[in-house]
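Here is the structure we will look at, set down as C-alpha cells.
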Amino acid sequence: MAETSNPSPARRRRATMSDVAERAGVSRTSVSLILNNHETRIAPETQRRVRQIAEELGFRPSRAALQLRTQQSQVISFIGDEIASGPFAGGLIAGAQAAAALQSHALMVMNSGIPGDITAVDPTILEDRQADGNVYATVMTRRVVLPPSASESPTVLLNCFSESDALAQILPDDRNGERTATRCALDHGHRRIGLIMGELGTQPASDRLEGYAEALAEADVEYDEHLVWHGDWNGNTGYDAAIHMLQLPHPPTAFICGNDRIALGVYEAVRNLSLRIPDDISVIGYDDQREITQFMHPPLTTVRLPYEEMGRVAVNSLLAGDEIGTVYVACDLIERASVSSPRGGGGPVTH
C-alpha cells in the first residue's frame with residue numbers, strides 16, 4: 001500500500017493583509033492605505049479599527065511590499081521552468097498577464113528551460129529590467145530552491161513551494177480535487193474504484209492519493225492497494241493499469257486517472273477488452289486538457305486544474321503585498337458523459 005503525504009508544506013501561519021481586511025470588514029486596498037499612512041477619506045473610526053485588528057493579529061506591512069508600491073517600473077518578472085514546452089504554461093501566463101494588465105503592469109516572461117529549476121535565469125537580466133516584483137512558476141507542482149535574490153524583492157511562488165515561511169505560495173488544491181472526483185464515482189454507486197497515477201514521489205500524486213483515500217474513508221469504503229497503480233503521467237500507464245485491473249478477480253467498475261492522458265490510455269484499454277464507457281466502466285480524468293478531451297468519446301468527466309485563476313491570484317497577491325501564506329485554489333469537477341452507475345446498481349454512497 002502506498003504511503004500518503006500531507007499536501008500542505010509545513011510552515012508557520014502568519015497573518016496577512018487579507019486576514020485584517022476580513023476581520024475589519026473592509027477591502028485589502030483600504031487596509032493597505034490605512035497601514036501605510038496614505039491620505040484617505042476612510043472614516044477615522046474605521047482606520048482605528050483596522051489598526052487595532054492589525055496589531056491584534058500581529059500583521060505589519062512588509063518592507064518588500066512597501067518597495068513594490070514605491071517603485072515605478074510597472075513591470076513584473078514571470079520566471080518559469082518549462083514555459084516554452086509545458087502544456088499548461090499558457091494558462092499560468094494568461095492569468096498572470098490579465099491580472100497585471102488590470103493594474104497597469106506589464107509581464108516580462110523568462111524561461112529557464114530546465115524542469116524544476118527556476119534559478120537558471122541569468123540574474124543580471126532581472127537586475128537590468130528592475131522589475132517591481134517576481135513570480136516564480138513551475139509547470140509541475142513541486143518544491144523549489146530559490147535564488148538569493150528572491151529575498152531581496154517582492155516574490156510570489158506559483159504552482160510551487162519552498163521551505164520559506166515568508167512568501168506567498170499559490171497552489172492547486174489537488175487533495176480536495178481528487179476527493180471530489182472520488183466522491184463523484186461513489187455517488188454513482190461505485191465501490192471498486194481504481195486509482196491510476198504518475199510517480200508517487202511527485203507532489204500532485206501524493207496529494208491526490210490522499211484525497212482519494214480520504215473520500216473512501218468518509219464513505220466507509222475499504223482502501224484496496226490492488227486498485228492503486230503508479231507509473232508515469234502518459235497514456236501507456238493508463239492502458240497497462242486498466243488491462244491489469246480489469247482482469248482481477250474483483251475488478252474495478254470505475255477509474256480515477258491522474259491526468260487526461262492517462263484517461264486516454266484507459267479508454268483504449270476498455271475498447272480493446274470489448275467494454276464500453278460508461279456502460280461497463282466509468283472513467284474520470286484530471287487537468288481538463290482540452291487538446292485531449294475534445295477528441296474523447298464519450299466526453300470525459302474530469303477535474304479542471306485552475307491555471308489561469310492561479311496566475312491571476314499570484315499577481316494580485318504580489319501587487320497587494322500578501323507575501324506570507326499559502327493559497328490553495330479550488331479544482332472543479334467538470335461533469336460530462338463518462339460516468340454512470342455500475343451494472344447491477346449499488347446505490348449512492350452517503351457521506
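Ordering of the C-alpha cells sets the chain letters (A, B, ...), residue numbers begin anew at 1 in every chain, and ligands are numbered from 1 in the order given.
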
With 12 Å as the cut-off and only C-alpha atoms counted, what is the closest atom pair between each nearby residue of stretch 214-254 of chain A and stretch 272-275 of chain A? Distances in Å to one decimal, ordered by chain and number, as CSV.
residue,atom,partner,partner_atom,distance
A:Tyr239,CA,A:Asn272,CA,9.8
A:Asp240,CA,A:Asn272,CA,11.7
A:Ala242,CA,A:Leu273,CA,9.8
A:Ile243,CA,A:Leu273,CA,8.0
A:His244,CA,A:Leu273,CA,11.2
A:Met245,CA,A:Leu273,CA,11.9
A:Leu246,CA,A:Leu273,CA,8.8
A:Gln247,CA,A:Leu273,CA,9.8
A:Thr253,CA,A:Leu275,CA,11.2

Take the residues that were just selected and, keeping C-alpha atoms, output them as a PDB file, in the first residue's frame.
ATOM      1  CA  TYR A 239      -3.570   1.415 -20.714  1.00  0.00           C
ATOM      2  CA  ASP A 240      -1.363  -1.004 -18.753  1.00  0.00           C
ATOM      3  CA  ALA A 242      -6.608  -0.779 -16.888  1.00  0.00           C
ATOM      4  CA  ILE A 243      -5.711  -4.018 -18.685  1.00  0.00           C
ATOM      5  CA  HIS A 244      -4.256  -5.393 -15.441  1.00  0.00           C
ATOM      6  CA  MET A 245      -7.017  -4.275 -13.063  1.00  0.00           C
ATOM      7  CA  LEU A 246      -9.900  -5.284 -15.320  1.00  0.00           C
ATOM      8  CA  GLN A 247      -8.618  -8.860 -15.244  1.00  0.00           C
ATOM      9  CA  THR A 253     -16.113  -0.557 -12.024  1.00  0.00           C
TER      10      THR A 253
END

TODO: Skip A:Asp173 itself and residues of its chain fewer than 5 positions away, then list as a ChimeraX atom specification all residues within 7 Å of it, counting only C-alpha atoms.
DONE: /A:328-331

So that I have them on file, write out the residues from the current selection with N, CA and C atoms, as a JSON list (two decimals), in the first residue's frame.
[["chain", "number", "residue", "atom", "x", "y", "z"],
["A", 328, "TYR", "N", -4.61, 27.86, -1.57],
["A", 328, "TYR", "CA", -4.98, 26.71, -2.38],
["A", 328, "TYR", "C", -6.18, 27.09, -3.24],
["A", 329, "VAL", "N", -6.03, 26.98, -4.55],
["A", 329, "VAL", "CA", -7.09, 27.34, -5.49],
["A", 329, "VAL", "C", -7.89, 26.09, -5.84],
["A", 330, "ALA", "N", -9.21, 26.20, -5.77],
["A", 330, "ALA", "CA", -10.10, 25.04, -5.95],
["A", 330, "ALA", "C", -9.98, 24.44, -7.35],
["A", 331, "CYS", "N", -10.04, 23.11, -7.41],
["A", 331, "CYS", "CA", -10.05, 22.36, -8.68],
["A", 331, "CYS", "C", -11.46, 21.80, -8.87]]

Open item on the list: Just list as a list in words whatever in stretch 150-205 of chain A DSSP marks as alpha helix (DSSP H).
Closed with: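 Filtering stretch 150-205 of chain A down to alpha helix (DSSP H) leaves Asp174, Arg175, Asn176, Gly177, Glu178, Arg179, Thr180, Ala181, Thr182, Arg183, Cys184, Ala185, Leu186, Asp187, Gln203, Pro204 and Ala205 of chain A.
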
Just N, CA and C atoms for this one: save the residues we selected as an mmCIF file, in the first residue's frame.
data_model
loop_
_atom_site.group_PDB
_atom_site.id
_atom_site.type_symbol
_atom_site.label_atom_id
_atom_site.label_comp_id
_atom_site.auth_asym_id
_atom_site.auth_seq_id
_atom_site.Cartn_x
_atom_site.Cartn_y
_atom_site.Cartn_z
ATOM 1 N N ASP A 174 -5.117 20.059 -4.997
ATOM 2 C CA ASP A 174 -5.194 18.723 -5.594
ATOM 3 C C ASP A 174 -5.833 17.701 -4.665
ATOM 4 N N ARG A 175 -5.608 17.825 -3.386
ATOM 5 C CA ARG A 175 -6.188 16.846 -2.462
ATOM 6 C C ARG A 175 -7.711 16.884 -2.523
ATOM 7 N N ASN A 176 -8.283 18.084 -2.426
ATOM 8 C CA ASN A 176 -9.740 18.181 -2.494
ATOM 9 C C ASN A 176 -10.261 17.938 -3.902
ATOM 10 N N GLY A 177 -9.449 18.234 -4.920
ATOM 11 C CA GLY A 177 -9.855 17.925 -6.285
ATOM 12 C C GLY A 177 -10.043 16.432 -6.484
ATOM 13 N N GLU A 178 -9.086 15.641 -5.982
ATOM 14 C CA GLU A 178 -9.200 14.182 -6.114
ATOM 15 C C GLU A 178 -10.297 13.636 -5.215
ATOM 16 N N ARG A 179 -10.489 14.250 -4.067
ATOM 17 C CA ARG A 179 -11.586 13.830 -3.199
ATOM 18 C C ARG A 179 -12.921 14.033 -3.911
ATOM 19 N N THR A 180 -13.064 15.159 -4.612
ATOM 20 C CA THR A 180 -14.298 15.429 -5.350
ATOM 21 C C THR A 180 -14.510 14.408 -6.458
ATOM 22 N N ALA A 181 -13.441 14.071 -7.187
ATOM 23 C CA ALA A 181 -13.548 13.077 -8.258
ATOM 24 C C ALA A 181 -13.971 11.722 -7.702
ATOM 25 N N THR A 182 -13.380 11.326 -6.592
ATOM 26 C CA THR A 182 -13.715 10.033 -5.989
ATOM 27 C C THR A 182 -15.143 10.031 -5.475
ATOM 28 N N ARG A 183 -15.570 11.136 -4.893
ATOM 29 C CA ARG A 183 -16.953 11.234 -4.423
ATOM 30 C C ARG A 183 -17.938 11.129 -5.585
ATOM 31 N N CYS A 184 -17.556 11.650 -6.743
ATOM 32 C CA CYS A 184 -18.424 11.536 -7.918
ATOM 33 C C CYS A 184 -18.672 10.066 -8.242
ATOM 34 N N ALA A 185 -17.608 9.264 -8.253
ATOM 35 C CA ALA A 185 -17.768 7.832 -8.516
ATOM 36 C C ALA A 185 -18.578 7.163 -7.412
ATOM 37 N N LEU A 186 -18.307 7.517 -6.170
ATOM 38 C CA LEU A 186 -19.055 6.948 -5.045
ATOM 39 C C LEU A 186 -20.531 7.298 -5.128
ATOM 40 N N ASP A 187 -20.830 8.535 -5.475
ATOM 41 C CA ASP A 187 -22.223 8.979 -5.548
ATOM 42 C C ASP A 187 -23.003 8.266 -6.650
ATOM 43 N N GLN A 203 4.563 15.721 -5.991
ATOM 44 C CA GLN A 203 3.581 16.322 -5.099
ATOM 45 C C GLN A 203 2.146 16.088 -5.561
ATOM 46 N N PRO A 204 1.820 16.252 -6.860
ATOM 47 C CA PRO A 204 0.433 16.007 -7.280
ATOM 48 C C PRO A 204 -0.031 14.586 -6.982
ATOM 49 N N ALA A 205 0.812 13.587 -7.248
ATOM 50 C CA ALA A 205 0.411 12.200 -6.997
ATOM 51 C C ALA A 205 0.176 11.960 -5.516
#

Open item on the list: To one decimal place in Å, what is the distance between atom CA of A:Asn316 and atom CA of A:Tyr286?
Closed with: 26.2 Å

Exercise: A:Leu171 partners within 8 Å, only C-alpha atoms, chain neighbours under 6 positions left out, as a CSV table (one decimal) with C-alpha atoms, in the first residue's frame:
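Below is the file that was written, out-v2.csv:
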chain,number,residue,atom,x,y,z
A,141,THR,CA,3.7,21.3,-8.7
A,158,LEU,CA,3.2,30.0,-8.5
A,159,ASN,CA,2.4,26.2,-8.6
A,160,CYS,CA,5.5,25.6,-6.4
A,310,MET,CA,-3.8,30.7,-10.1
A,326,THR,CA,-0.3,29.5,1.1
A,327,VAL,CA,-3.4,29.9,-1.1
A,328,TYR,CA,-5.0,26.7,-2.4
A,329,VAL,CA,-7.1,27.3,-5.5

- [ ] For A:Ile193, list every protein, DNA or RNA residue within 6 Å, evaluated using only C-alpha atoms, and leave out those in the same chain fewer than 4 positions away; present the list as a list in words.
- [x] Pro252, Ala254 and Phe255 of chain A

Would you give me, as a Markdown table, each residue of stretch 286-327 of chain A having an atom within 6 Å of an atom of stretch 96-99 of chain A, along with its shortest atom pair and that distance in Å to one decimal, using only C-alpha atoms and sorting by chain and residue number?
| residue | atom | partner | partner_atom | distance |
| --- | --- | --- | --- | --- |
| A:Gly311 | CA | A:Ala96 | CA | 4.2 |
| A:Arg312 | CA | A:Ala96 | CA | 4.7 |
| A:Val315 | CA | A:Ala96 | CA | 5.7 |

Preceding selection exported with C-alpha atoms as an mmCIF file, in the first residue's frame:
data_model
loop_
_atom_site.group_PDB
_atom_site.id
_atom_site.type_symbol
_atom_site.label_atom_id
_atom_site.label_comp_id
_atom_site.auth_asym_id
_atom_site.auth_seq_id
_atom_site.Cartn_x
_atom_site.Cartn_y
_atom_site.Cartn_z
ATOM 1 C CA GLY A 311 -1.914 33.085 -12.370
ATOM 2 C CA ARG A 312 -4.363 35.860 -11.506
ATOM 3 C CA VAL A 315 -0.113 38.610 -9.469
#
